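Taking it in order: structure first as structure tokens, then the write-up.
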Amino acid sequence: MHKVEFLDTTLRDGEQTPGVNFSVKEKVAIAKQLEKWGISSIEAGFPAASPDSFEAVKQIAQAMTTTAVSGLARSVKSDIDACYEAIKDAKFPQCHVFIATSPIHREFKLKKSKEEILEAIKEHVAYARSKFDVVEFSPEDATRTELDFLLEVVQTAVDAGATYINIPDTVGFTTPAEFGHIFEYLIENVKSDRKIIFSPHCHDDLGMATANTLAAIKAGAGRVEGTVNGIGERAGNVALEEVAVALNIREDYFQASSDIVLNETVNTSELVSRFSGIAVPKNKAVVGGNAFSHESGIHQDGVLKNPLTYEIITPELVGVKKNSLPLGKLSGRHAFVEKLKELALDFEESEIAALFAKFKSLADKKHDITDADIRALVAGSSVENPEGFHFKDLRLTSNEDGTITAQVIMGNEDGEEVDIIANGKGSVEAIFNAIDKFFNQTVKLDSYNIEAVTDGIDAQARVLVSVENVDTDTIFNASGLDFDVLKASAIAYVNANTFVQKENAGEIGHKVSERDYPSND
Ligand code: KIV
Ligand code: ZN
């Protein structure tokens, strides 16, 4: 039996998902929840990428008490210096140095020979080791790198002082058998008098990220890298909750265990979903809404007789709570605040009054208020725009020619109101046209999704939109919540436009990822 450490890169690789732009405050809240979940290392960001990224890594480094904090650095001294400045106050600091090693990256991206790559690894891993006791090295696109060269690369990094060797399947290309073989080969052939820990870092382009990660563990990997809910660019990274639960349920097969506090899994997943604006699909393994519902009569009958007939994961294992503190019309402020705490929903004292008022208005309309309603209520808050304006109301008129006229009312705390009128071919188009007139900025709607928060006719509607700031190419996800689908749509679109407005005003830094850097020079 061996222990597998977990490195979470939700705040670095996960943030590379289009539309995901965590604020510094959100990043710190996620990091605290990851620590509670039992994550051993957090890759908090890429400090050299932007002042915002630097600041988030610095604040997380100061906030963690048991979890190690790592920052990403290209094989460039100034990146390693930035990483050191951001992370030096961490209790357990780590630095993650990477360079691409596959033929296609060597030839087209880096324009470097094999020898130049080996030289860069030697120099920069040693430089990182002069500042950090613990250094991780990644050969980017490892799974498309010649195996004999990959061994040379890894041996060079180990000789230069790396402790963790991460093998990224950067483009989600490998298969479980192939990936397991890479780990067996490296573990057997890399020579060192120190303990070297190997880790998989899988992307999900072919839907094999979890299988590939587990194959690496079976072959001896001592740490795994991934993100919560599997967020990440393209098809995303491996979902860490799937790996943690698979190790728990199939410990007999993998002969490996982790320190993940499994009953914090759903809270962790909900928090990341809320801040990323990415809903967890209903059929998602481990944390999806349907993971514990049994539709067919045969299944229901079996589960009633003995849950183990069709349920290998109990809801309690991952922290799905039976409404232990049900809320309703008569619940007071104290019970409401207790519920927010039970659901690990972070909130400021100053926000409670507004949230409680929203809860009361919800309780007037809906008899049973579920945990999902409370989570949605907190997530669906309006984003304050610089002048304090938010969506207030809307009215729609159907015209004889089939078009719709929308009157959108925006208001602020001082009681000022602005009415904007616009037409559209349908209701949503008319509403969005009116909001566009209000903000007067160049945005493009990338996606629009509606979901019901709970079952039943009295369900609240949650609308998720992705909007692109055409001037900067940044995509922002935002959500809106209301009983009325059209009002929820308006709130989501106003929130997204507010993010764009804040970016244009310099209040939100433009997101920079390592892909924006053409090379490791
Ligand atoms: O997928 C990848 O190759 C990465 C590296 C930077 C580790 O994220
Ligand atoms: Zn990655």
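Starting from 1 in every chain, residues are counted up; chains themselves are A, B, ... following the order of the structure tokens, and ligands are numbered from 1 as listed.
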
Give me, as a VMD selection string, the set of residues whose atoms come within 12 Å of any atom of ligand 2, counting only C-alpha atoms and all ligand atoms.
chain A and resid 8 to 17 43 72 98 100 138 to 142 166 to 172 200 to 205 209 225 to 227 230 to 238 513 to 515

Those same residues - N, CA and C atoms - I'd like them written as a CSV table (one decimal), in the first residue's frame.
```csv
chain,number,residue,atom,x,y,z
A,8,ASP,N,-3.1,20.2,-6.3
A,8,ASP,CA,-4.3,20.8,-7.0
A,8,ASP,C,-3.8,22.0,-7.8
A,9,THR,N,-4.2,22.1,-9.1
A,9,THR,CA,-3.8,23.2,-10.0
A,9,THR,C,-5.0,23.9,-10.5
A,10,THR,N,-6.1,23.9,-9.7
A,10,THR,CA,-7.4,24.6,-10.2
A,10,THR,C,-7.1,26.1,-10.4
A,11,LEU,N,-6.2,26.6,-9.5
A,11,LEU,CA,-6.0,28.1,-9.6
A,11,LEU,C,-5.0,28.5,-10.7
A,12,ARG,N,-4.3,27.5,-11.2
A,12,ARG,CA,-3.3,27.8,-12.3
A,12,ARG,C,-3.8,27.2,-13.6
A,13,ASP,N,-3.8,25.9,-13.8
A,13,ASP,CA,-4.2,25.2,-15.0
A,13,ASP,C,-5.7,25.4,-15.2
A,14,GLY,N,-6.4,25.3,-14.0
A,14,GLY,CA,-7.9,25.4,-14.1
A,14,GLY,C,-8.3,26.8,-14.5
A,15,GLU,N,-7.6,27.8,-14.1
A,15,GLU,CA,-8.0,29.1,-14.5
A,15,GLU,C,-7.7,29.4,-16.0
A,16,GLN,N,-7.0,28.5,-16.6
A,16,GLN,CA,-6.8,28.7,-18.1
A,16,GLN,C,-8.1,28.3,-18.9
A,17,THR,N,-9.1,27.9,-18.2
A,17,THR,CA,-10.4,27.6,-18.9
A,17,THR,C,-11.0,28.9,-19.4
A,43,GLU,N,-0.9,24.4,-6.5
A,43,GLU,CA,-0.2,25.3,-7.5
A,43,GLU,C,-1.1,26.5,-7.6
A,72,LEU,N,4.2,28.3,-10.8
A,72,LEU,CA,4.7,27.8,-12.0
A,72,LEU,C,5.8,28.8,-12.6
A,98,PHE,N,9.2,24.3,-15.8
A,98,PHE,CA,8.8,23.4,-16.9
A,98,PHE,C,9.5,23.9,-18.2
A,100,ALA,N,9.1,22.5,-22.6
A,100,ALA,CA,8.6,21.5,-23.5
A,100,ALA,C,9.7,20.6,-24.1
A,138,SER,N,8.7,19.7,-14.9
A,138,SER,CA,7.8,19.0,-15.9
A,138,SER,C,8.3,19.2,-17.3
A,139,PRO,N,8.5,18.0,-18.0
A,139,PRO,CA,8.8,18.1,-19.4
A,139,PRO,C,7.4,18.2,-20.2
A,140,GLU,N,7.1,19.4,-20.6
A,140,GLU,CA,5.8,19.7,-21.2
A,140,GLU,C,5.6,18.8,-22.5
A,141,ASP,N,4.4,18.3,-22.7
A,141,ASP,CA,4.2,17.4,-23.8
A,141,ASP,C,5.0,16.1,-23.7
A,142,ALA,N,5.2,15.6,-22.5
A,142,ALA,CA,6.1,14.5,-22.2
A,142,ALA,C,5.6,13.2,-23.0
A,166,ASN,N,7.1,15.6,-12.8
A,166,ASN,CA,5.7,15.6,-13.2
A,166,ASN,C,5.7,15.2,-14.7
A,167,ILE,N,4.9,14.3,-15.1
A,167,ILE,CA,4.8,13.9,-16.5
A,167,ILE,C,3.5,14.3,-17.1
A,168,PRO,N,3.5,15.5,-17.8
A,168,PRO,CA,2.3,16.0,-18.3
A,168,PRO,C,1.9,15.3,-19.6
A,169,ASP,N,0.6,14.9,-19.7
A,169,ASP,CA,0.0,14.5,-21.0
A,169,ASP,C,-0.7,15.8,-21.4
A,170,THR,N,0.1,16.7,-21.9
A,170,THR,CA,-0.3,18.1,-22.2
A,170,THR,C,-1.5,18.2,-23.1
A,171,VAL,N,-1.6,17.3,-24.1
A,171,VAL,CA,-2.6,17.4,-25.1
A,171,VAL,C,-3.6,16.3,-25.0
A,172,GLY,N,-3.6,15.5,-23.9
A,172,GLY,CA,-4.5,14.4,-23.7
A,172,GLY,C,-4.4,13.4,-24.7
A,200,PRO,N,1.5,12.1,-12.4
A,200,PRO,CA,0.9,12.3,-13.7
A,200,PRO,C,0.2,13.6,-13.7
A,201,HIS,N,0.1,14.3,-14.9
A,201,HIS,CA,-0.7,15.5,-15.0
A,201,HIS,C,-1.4,15.4,-16.3
A,202,CYS,N,-2.7,14.9,-16.2
A,202,CYS,CA,-3.4,14.5,-17.4
A,202,CYS,C,-4.5,15.5,-17.9
A,203,HIS,N,-4.5,15.7,-19.2
A,203,HIS,CA,-5.6,16.5,-19.8
A,203,HIS,C,-6.6,15.5,-20.4
A,204,ASP,N,-7.8,16.0,-20.7
A,204,ASP,CA,-8.9,15.0,-20.9
A,204,ASP,C,-9.4,15.0,-22.4
A,205,ASP,N,-8.5,15.4,-23.3
A,205,ASP,CA,-9.0,15.6,-24.7
A,205,ASP,C,-9.6,14.3,-25.3
A,209,ALA,N,-8.5,11.0,-19.1
A,209,ALA,CA,-7.6,11.6,-18.0
A,209,ALA,C,-7.6,10.8,-16.7
A,225,GLU,N,-1.6,15.2,-10.1
A,225,GLU,CA,-2.0,16.7,-10.3
A,225,GLU,C,-3.3,16.7,-11.1
A,226,GLY,N,-4.1,17.7,-10.7
A,226,GLY,CA,-5.4,17.9,-11.4
A,226,GLY,C,-6.1,19.0,-10.9
A,227,THR,N,-7.4,19.1,-11.2
A,227,THR,CA,-8.2,20.2,-10.8
A,227,THR,C,-9.5,19.8,-10.2
A,230,GLY,N,-12.5,19.0,-12.7
A,230,GLY,CA,-11.8,18.8,-14.0
A,230,GLY,C,-11.7,20.0,-14.9
A,231,ILE,N,-11.8,21.2,-14.3
A,231,ILE,CA,-11.8,22.4,-15.2
A,231,ILE,C,-10.3,22.6,-15.7
A,232,GLY,N,-10.2,23.3,-16.8
A,232,GLY,CA,-8.9,23.5,-17.5
A,232,GLY,C,-9.2,23.8,-18.9
A,233,GLU,N,-8.2,24.2,-19.7
A,233,GLU,CA,-8.4,24.5,-21.0
A,233,GLU,C,-8.8,23.3,-21.9
A,234,ARG,N,-9.4,23.6,-23.0
A,234,ARG,CA,-10.0,22.5,-23.9
A,234,ARG,C,-10.9,21.6,-23.1
A,235,ALA,N,-10.6,20.3,-23.1
A,235,ALA,CA,-11.5,19.3,-22.4
A,235,ALA,C,-11.2,19.3,-20.9
A,236,GLY,N,-10.2,20.1,-20.5
A,236,GLY,CA,-9.9,20.2,-19.0
A,236,GLY,C,-8.8,19.2,-18.5
A,237,ASN,N,-8.6,19.3,-17.2
A,237,ASN,CA,-7.6,18.5,-16.6
A,237,ASN,C,-8.3,17.3,-15.9
A,238,VAL,N,-7.6,16.4,-15.4
A,238,VAL,CA,-8.2,15.3,-14.6
A,238,VAL,C,-8.9,15.9,-13.4
A,513,SER,N,-1.9,33.6,-19.7
A,513,SER,CA,-1.5,32.2,-19.4
A,513,SER,C,-0.1,31.9,-19.9
A,514,GLU,N,0.4,30.7,-19.5
A,514,GLU,CA,1.8,30.5,-20.0
A,514,GLU,C,1.8,30.2,-21.5
A,515,ARG,N,0.6,29.9,-22.1
A,515,ARG,CA,0.5,29.7,-23.5
A,515,ARG,C,0.7,31.1,-24.3
```

For the structure I just gave you, how does DSSP split range 255-394 of chain A - specifically, which residues are alpha helix (DSSP H)? Reply as a PyMOL selection string.
chain A and resi 265-276+297-305+333-342+352-365+371-379

What's the 8 Å shell around Phe179 in chain A, counting only C-alpha atoms, without same-chain residues fewer than 3 positions away, as an MDAnalysis selection string?
chainID A and resid 143 174:176 182:183 212 215:216

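The shortest atom-to-atom distance to Ser75 in chain A, with only C-alpha atoms taken into account, belongs to A:Ile99 out of A:Met208, A:Ile99, A:Ala422, A:Val320.
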
Which of these, A:Val453, A:Ala434, A:Val318, A:Ala379, has the shortest distance to Leu340 in chain A once you count only C-alpha atoms?
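For Leu340 in chain A, the nearest of the candidates is A:Ala379.
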
Please identify which residues in range 101-282 of chain A DSSP calls strand (DSSP E or B) from the backbone, and express them as an mmCIF file with all heavy atoms, in the first residue's frame.
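Generated file (result_27.cif):
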```cif
data_model
loop_
_atom_site.group_PDB
_atom_site.id
_atom_site.type_symbol
_atom_site.label_atom_id
_atom_site.label_comp_id
_atom_site.auth_asym_id
_atom_site.auth_seq_id
_atom_site.Cartn_x
_atom_site.Cartn_y
_atom_site.Cartn_z
ATOM 1 N N VAL A 134 12.326 22.541 -2.304
ATOM 2 C CA VAL A 134 11.540 21.557 -3.064
ATOM 3 C C VAL A 134 11.238 22.115 -4.458
ATOM 4 O O VAL A 134 10.578 23.147 -4.602
ATOM 5 C CB VAL A 134 10.221 21.219 -2.335
ATOM 6 C CG1 VAL A 134 9.430 20.183 -3.114
ATOM 7 C CG2 VAL A 134 10.505 20.723 -0.923
ATOM 8 N N VAL A 135 11.735 21.398 -5.471
ATOM 9 C CA VAL A 135 11.512 21.824 -6.858
ATOM 10 C C VAL A 135 10.856 20.682 -7.628
ATOM 11 O O VAL A 135 11.248 19.522 -7.503
ATOM 12 C CB VAL A 135 12.848 22.235 -7.531
ATOM 13 C CG1 VAL A 135 12.669 22.466 -9.027
ATOM 14 C CG2 VAL A 135 13.406 23.492 -6.869
ATOM 15 N N GLU A 136 9.840 21.074 -8.401
ATOM 16 C CA GLU A 136 9.178 20.109 -9.288
ATOM 17 C C GLU A 136 9.606 20.450 -10.708
ATOM 18 O O GLU A 136 9.715 21.632 -11.059
ATOM 19 C CB GLU A 136 7.659 20.268 -9.137
ATOM 20 C CG GLU A 136 6.862 19.538 -10.215
ATOM 21 C CD GLU A 136 5.345 19.733 -10.076
ATOM 22 O OE1 GLU A 136 4.900 20.502 -9.202
ATOM 23 O OE2 GLU A 136 4.627 19.117 -10.874
ATOM 24 N N PHE A 137 9.830 19.423 -11.530
ATOM 25 C CA PHE A 137 10.146 19.695 -12.933
ATOM 26 C C PHE A 137 9.157 18.964 -13.842
ATOM 27 O O PHE A 137 8.815 17.806 -13.601
ATOM 28 C CB PHE A 137 11.576 19.249 -13.284
ATOM 29 C CG PHE A 137 11.818 19.356 -14.767
ATOM 30 C CD1 PHE A 137 11.991 20.601 -15.364
ATOM 31 C CD2 PHE A 137 11.787 18.223 -15.574
ATOM 32 C CE1 PHE A 137 12.136 20.718 -16.752
ATOM 33 C CE2 PHE A 137 11.930 18.328 -16.960
ATOM 34 C CZ PHE A 137 12.111 19.584 -17.540
ATOM 35 N N SER A 138 8.699 19.662 -14.897
ATOM 36 C CA SER A 138 7.793 19.049 -15.880
ATOM 37 C C SER A 138 8.341 19.165 -17.292
ATOM 38 O O SER A 138 8.612 20.288 -17.757
ATOM 39 C CB SER A 138 6.443 19.780 -15.918
ATOM 40 O OG SER A 138 5.690 19.510 -14.791
ATOM 41 N N PRO A 139 8.479 18.046 -18.004
ATOM 42 C CA PRO A 139 8.752 18.105 -19.442
ATOM 43 C C PRO A 139 7.399 18.243 -20.152
ATOM 44 O O PRO A 139 6.665 17.254 -20.267
ATOM 45 C CB PRO A 139 9.413 16.767 -19.740
ATOM 46 C CG PRO A 139 9.078 15.871 -18.575
ATOM 47 C CD PRO A 139 8.458 16.676 -17.481
ATOM 48 N N GLU A 140 7.080 19.443 -20.585
ATOM 49 C CA GLU A 140 5.763 19.661 -21.205
ATOM 50 C C GLU A 140 5.633 18.791 -22.456
ATOM 51 O O GLU A 140 6.602 18.605 -23.185
ATOM 52 C CB GLU A 140 5.618 21.155 -21.572
ATOM 53 C CG GLU A 140 4.217 21.521 -21.999
ATOM 54 C CD GLU A 140 4.123 22.954 -22.522
ATOM 55 O OE1 GLU A 140 5.178 23.602 -22.700
ATOM 56 O OE2 GLU A 140 3.003 23.413 -22.772
ATOM 57 N N TYR A 164 10.329 16.386 -7.332
ATOM 58 C CA TYR A 164 9.108 15.888 -7.971
ATOM 59 C C TYR A 164 9.302 15.928 -9.483
ATOM 60 O O TYR A 164 9.709 16.957 -10.029
ATOM 61 C CB TYR A 164 7.915 16.765 -7.603
ATOM 62 C CG TYR A 164 7.457 16.588 -6.167
ATOM 63 C CD1 TYR A 164 7.888 17.449 -5.173
ATOM 64 C CD2 TYR A 164 6.590 15.553 -5.825
ATOM 65 C CE1 TYR A 164 7.468 17.288 -3.855
ATOM 66 C CE2 TYR A 164 6.163 15.380 -4.513
ATOM 67 C CZ TYR A 164 6.605 16.248 -3.533
ATOM 68 O OH TYR A 164 6.183 16.069 -2.240
ATOM 69 N N ILE A 165 9.012 14.817 -10.125
ATOM 70 C CA ILE A 165 9.047 14.774 -11.591
ATOM 71 C C ILE A 165 7.610 14.580 -12.055
ATOM 72 O O ILE A 165 6.975 13.558 -11.762
ATOM 73 C CB ILE A 165 9.943 13.625 -12.099
ATOM 74 C CG1 ILE A 165 11.408 13.874 -11.706
ATOM 75 C CG2 ILE A 165 9.806 13.462 -13.619
ATOM 76 C CD1 ILE A 165 12.052 15.109 -12.334
ATOM 77 N N ASN A 166 7.111 15.600 -12.764
ATOM 78 C CA ASN A 166 5.731 15.572 -13.230
ATOM 79 C C ASN A 166 5.722 15.223 -14.714
ATOM 80 O O ASN A 166 6.497 15.795 -15.490
ATOM 81 C CB ASN A 166 5.137 16.969 -12.988
ATOM 82 C CG ASN A 166 3.680 17.038 -13.375
ATOM 83 O OD1 ASN A 166 2.902 16.161 -13.032
ATOM 84 N ND2 ASN A 166 3.307 18.098 -14.073
ATOM 85 N N ILE A 167 4.885 14.274 -15.083
ATOM 86 C CA ILE A 167 4.842 13.855 -16.492
ATOM 87 C C ILE A 167 3.514 14.322 -17.078
ATOM 88 O O ILE A 167 2.480 13.663 -16.911
ATOM 89 C CB ILE A 167 5.004 12.309 -16.616
ATOM 90 C CG1 ILE A 167 6.312 11.858 -15.935
ATOM 91 C CG2 ILE A 167 4.977 11.862 -18.072
ATOM 92 C CD1 ILE A 167 7.595 12.429 -16.556
ATOM 93 N N PRO A 168 3.534 15.482 -17.793
ATOM 94 C CA PRO A 168 2.268 15.992 -18.328
ATOM 95 C C PRO A 168 1.862 15.321 -19.637
ATOM 96 O O PRO A 168 2.681 15.174 -20.543
ATOM 97 C CB PRO A 168 2.550 17.485 -18.579
ATOM 98 C CG PRO A 168 3.912 17.756 -18.036
ATOM 99 C CD PRO A 168 4.629 16.444 -17.984
ATOM 100 N N ASP A 169 0.597 14.930 -19.691
ATOM 101 C CA ASP A 169 0.011 14.525 -20.968
ATOM 102 C C ASP A 169 -0.697 15.796 -21.449
ATOM 103 O O ASP A 169 -1.931 15.899 -21.414
ATOM 104 C CB ASP A 169 -0.964 13.363 -20.744
ATOM 105 C CG ASP A 169 -1.522 12.841 -22.060
ATOM 106 O OD1 ASP A 169 -0.847 12.992 -23.094
ATOM 107 O OD2 ASP A 169 -2.648 12.291 -22.056
ATOM 108 N N ILE A 197 9.807 11.618 -6.443
ATOM 109 C CA ILE A 197 8.369 11.309 -6.536
ATOM 110 C C ILE A 197 7.873 11.678 -7.939
ATOM 111 O O ILE A 197 8.069 12.816 -8.400
ATOM 112 C CB ILE A 197 7.595 12.058 -5.441
ATOM 113 C CG1 ILE A 197 8.093 11.569 -4.059
ATOM 114 C CG2 ILE A 197 6.078 11.835 -5.565
ATOM 115 C CD1 ILE A 197 7.554 12.333 -2.890
ATOM 116 N N PHE A 198 7.253 10.735 -8.585
ATOM 117 C CA PHE A 198 6.729 10.938 -9.949
ATOM 118 C C PHE A 198 5.235 11.226 -9.892
ATOM 119 O O PHE A 198 4.513 10.637 -9.085
ATOM 120 C CB PHE A 198 6.975 9.689 -10.801
ATOM 121 C CG PHE A 198 8.432 9.452 -11.100
ATOM 122 C CD1 PHE A 198 9.245 8.823 -10.169
ATOM 123 C CD2 PHE A 198 8.990 9.890 -12.283
ATOM 124 C CE1 PHE A 198 10.590 8.618 -10.430
ATOM 125 C CE2 PHE A 198 10.339 9.697 -12.553
ATOM 126 C CZ PHE A 198 11.149 9.061 -11.613
ATOM 127 N N SER A 199 4.782 12.144 -10.776
ATOM 128 C CA SER A 199 3.342 12.434 -10.783
ATOM 129 C C SER A 199 2.791 12.531 -12.199
ATOM 130 O O SER A 199 3.473 13.022 -13.107
ATOM 131 C CB SER A 199 3.046 13.733 -10.025
ATOM 132 O OG SER A 199 3.616 14.829 -10.681
ATOM 133 N N PRO A 200 1.547 12.064 -12.413
ATOM 134 C CA PRO A 200 0.874 12.289 -13.700
ATOM 135 C C PRO A 200 0.168 13.646 -13.683
ATOM 136 O O PRO A 200 -0.261 14.119 -12.622
ATOM 137 C CB PRO A 200 -0.165 11.164 -13.741
ATOM 138 C CG PRO A 200 -0.479 10.886 -12.296
ATOM 139 C CD PRO A 200 0.756 11.219 -11.491
ATOM 140 N N HIS A 201 0.058 14.262 -14.867
ATOM 141 C CA HIS A 201 -0.664 15.537 -15.025
ATOM 142 C C HIS A 201 -1.430 15.369 -16.341
ATOM 143 O O HIS A 201 -0.890 15.557 -17.421
ATOM 144 C CB HIS A 201 0.361 16.686 -15.096
ATOM 145 C CG HIS A 201 -0.236 18.016 -15.427
ATOM 146 N ND1 HIS A 201 -0.228 19.069 -14.542
ATOM 147 C CD2 HIS A 201 -0.821 18.484 -16.550
ATOM 148 C CE1 HIS A 201 -0.798 20.121 -15.098
ATOM 149 N NE2 HIS A 201 -1.162 19.787 -16.329
ATOM 150 N N CYS A 202 -2.692 14.948 -16.223
ATOM 151 C CA CYS A 202 -3.414 14.522 -17.431
ATOM 152 C C CYS A 202 -4.466 15.509 -17.888
ATOM 153 O O CYS A 202 -5.233 16.028 -17.076
ATOM 154 C CB CYS A 202 -4.067 13.181 -17.174
ATOM 155 S SG CYS A 202 -2.846 11.890 -16.890
ATOM 156 N N HIS A 203 -4.528 15.703 -19.188
ATOM 157 C CA HIS A 203 -5.618 16.474 -19.800
ATOM 158 C C HIS A 203 -6.584 15.477 -20.441
ATOM 159 O O HIS A 203 -6.227 14.342 -20.741
ATOM 160 C CB HIS A 203 -5.049 17.497 -20.781
ATOM 161 C CG HIS A 203 -4.444 18.682 -20.055
ATOM 162 N ND1 HIS A 203 -5.140 19.826 -19.814
ATOM 163 C CD2 HIS A 203 -3.233 18.846 -19.480
ATOM 164 C CE1 HIS A 203 -4.377 20.670 -19.123
ATOM 165 N NE2 HIS A 203 -3.203 20.099 -18.910
ATOM 166 N N ARG A 223 2.431 11.077 -6.483
ATOM 167 C CA ARG A 223 1.621 12.301 -6.362
ATOM 168 C C ARG A 223 0.788 12.420 -7.628
ATOM 169 O O ARG A 223 1.212 11.947 -8.690
ATOM 170 C CB ARG A 223 2.557 13.520 -6.207
ATOM 171 C CG ARG A 223 1.861 14.842 -6.210
ATOM 172 C CD ARG A 223 2.654 15.929 -5.485
ATOM 173 N NE ARG A 223 3.372 16.827 -6.379
ATOM 174 C CZ ARG A 223 3.966 17.950 -5.961
ATOM 175 N NH1 ARG A 223 3.941 18.311 -4.692
ATOM 176 N NH2 ARG A 223 4.610 18.707 -6.813
ATOM 177 N N VAL A 224 -0.404 13.036 -7.538
ATOM 178 C CA VAL A 224 -1.201 13.291 -8.738
ATOM 179 C C VAL A 224 -1.464 14.783 -8.848
ATOM 180 O O VAL A 224 -1.544 15.477 -7.837
ATOM 181 C CB VAL A 224 -2.572 12.571 -8.736
ATOM 182 C CG1 VAL A 224 -2.392 11.091 -8.891
ATOM 183 C CG2 VAL A 224 -3.372 12.890 -7.502
ATOM 184 N N GLU A 225 -1.612 15.243 -10.079
ATOM 185 C CA GLU A 225 -1.960 16.654 -10.317
ATOM 186 C C GLU A 225 -3.283 16.717 -11.056
ATOM 187 O O GLU A 225 -3.536 15.914 -11.965
ATOM 188 C CB GLU A 225 -0.891 17.330 -11.190
ATOM 189 C CG GLU A 225 0.431 17.416 -10.504
ATOM 190 C CD GLU A 225 1.360 18.458 -11.133
ATOM 191 O OE1 GLU A 225 0.972 19.159 -12.102
ATOM 192 O OE2 GLU A 225 2.484 18.548 -10.651
ATOM 193 N N GLY A 226 -4.099 17.687 -10.715
ATOM 194 C CA GLY A 226 -5.371 17.853 -11.420
ATOM 195 C C GLY A 226 -6.132 19.021 -10.851
ATOM 196 O O GLY A 226 -5.573 19.823 -10.069
ATOM 197 N N THR A 227 -7.396 19.111 -11.227
ATOM 198 C CA THR A 227 -8.209 20.250 -10.792
ATOM 199 C C THR A 227 -9.545 19.764 -10.233
ATOM 200 O O THR A 227 -9.969 18.636 -10.510
ATOM 201 C CB THR A 227 -8.512 21.199 -11.979
ATOM 202 O OG1 THR A 227 -9.256 20.462 -12.958
ATOM 203 C CG2 THR A 227 -7.247 21.762 -12.610
ATOM 204 N N ASN A 237 -8.588 19.314 -17.232
ATOM 205 C CA ASN A 237 -7.598 18.457 -16.559
ATOM 206 C C ASN A 237 -8.327 17.278 -15.922
ATOM 207 O O ASN A 237 -9.552 17.244 -15.890
ATOM 208 C CB ASN A 237 -6.916 19.245 -15.429
ATOM 209 C CG ASN A 237 -5.981 20.312 -15.946
ATOM 210 O OD1 ASN A 237 -6.388 21.238 -16.629
ATOM 211 N ND2 ASN A 237 -4.716 20.194 -15.619
ATOM 212 N N ALA A 239 -10.123 15.278 -13.127
ATOM 213 C CA ALA A 239 -10.911 15.743 -11.977
ATOM 214 C C ALA A 239 -10.378 15.025 -10.735
ATOM 215 O O ALA A 239 -10.508 13.802 -10.617
ATOM 216 C CB ALA A 239 -12.384 15.417 -12.202
ATOM 217 N N ALA A 256 -3.311 1.806 -2.983
ATOM 218 C CA ALA A 256 -2.840 3.174 -2.708
ATOM 219 C C ALA A 256 -3.951 3.917 -1.984
ATOM 220 O O ALA A 256 -5.131 3.615 -2.162
ATOM 221 C CB ALA A 256 -2.509 3.877 -4.022
ATOM 222 N N SER A 257 -3.553 4.887 -1.164
ATOM 223 C CA SER A 257 -4.567 5.681 -0.452
ATOM 224 C C SER A 257 -4.146 7.156 -0.484
ATOM 225 O O SER A 257 -3.026 7.476 -0.890
ATOM 226 C CB SER A 257 -4.687 5.206 0.992
ATOM 227 O OG SER A 257 -3.463 5.445 1.649
#
```

So that I can see what lies close to range 473-486 of chain A, please list as a PyMOL selection string the residues with an atom at most 8 Å from it, counting only C-alpha atoms and leaving out residues fewer than 2 positions away in the same chain.
chain A and resi 18-21+276-278+376-377+379-382+427-428+450+458-471+488-493+495-496+499-500+510-511

What lies within 12 Å of Arg250 in chain A using only C-alpha atoms, ignoring chain neighbours under 6 positions off, as an mmCIF file with N, CA and C atoms, in the first residue's frame?
```cif
data_model
loop_
_atom_site.group_PDB
_atom_site.id
_atom_site.type_symbol
_atom_site.label_atom_id
_atom_site.label_comp_id
_atom_site.auth_asym_id
_atom_site.auth_seq_id
_atom_site.Cartn_x
_atom_site.Cartn_y
_atom_site.Cartn_z
ATOM 1 N N LEU A 214 -4.936 7.103 -13.037
ATOM 2 C CA LEU A 214 -4.963 5.908 -12.178
ATOM 3 C C LEU A 214 -3.944 4.864 -12.654
ATOM 4 N N LYS A 218 -1.019 3.187 -10.410
ATOM 5 C CA LYS A 218 -0.813 1.731 -10.371
ATOM 6 C C LYS A 218 0.652 1.398 -10.691
ATOM 7 N N GLU A 242 -12.526 12.585 -8.757
ATOM 8 C CA GLU A 242 -12.722 11.242 -9.319
ATOM 9 C C GLU A 242 -11.568 10.329 -8.914
ATOM 10 N N VAL A 243 -10.347 10.887 -8.938
ATOM 11 C CA VAL A 243 -9.179 10.068 -8.582
ATOM 12 C C VAL A 243 -9.243 9.691 -7.099
ATOM 13 N N ALA A 244 -9.589 10.673 -6.250
ATOM 14 C CA ALA A 244 -9.614 10.421 -4.800
ATOM 15 C C ALA A 244 -10.642 9.350 -4.449
ATOM 16 N N ALA A 256 -3.311 1.806 -2.983
ATOM 17 C CA ALA A 256 -2.840 3.174 -2.708
ATOM 18 C C ALA A 256 -3.951 3.917 -1.984
ATOM 19 N N SER A 257 -3.553 4.887 -1.164
ATOM 20 C CA SER A 257 -4.567 5.681 -0.452
ATOM 21 C C SER A 257 -4.146 7.156 -0.484
ATOM 22 N N ILE A 312 -22.187 2.246 -5.360
ATOM 23 C CA ILE A 312 -20.865 1.900 -4.806
ATOM 24 C C ILE A 312 -20.304 3.052 -3.986
ATOM 25 N N ILE A 313 -20.815 4.273 -4.233
ATOM 26 C CA ILE A 313 -20.364 5.434 -3.454
ATOM 27 C C ILE A 313 -21.571 5.907 -2.652
#
```

Please list as a ChimeraX atom specification every residue within 9 Å of Lys339 in chain A, counting only C-alpha atoms and excluding residues in the same chain fewer than 5 positions away.
/A:325-327,334,344-345,371,374

Select, from A:Ala452, A:Ala120, A:Ala63, A:Ala68, the residue with the minimum atom-to-atom distance to Lys282 in chain A, counting only C-alpha atoms.
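Among the listed residues, the smallest separation from Lys282 in chain A belongs to A:Ala452.
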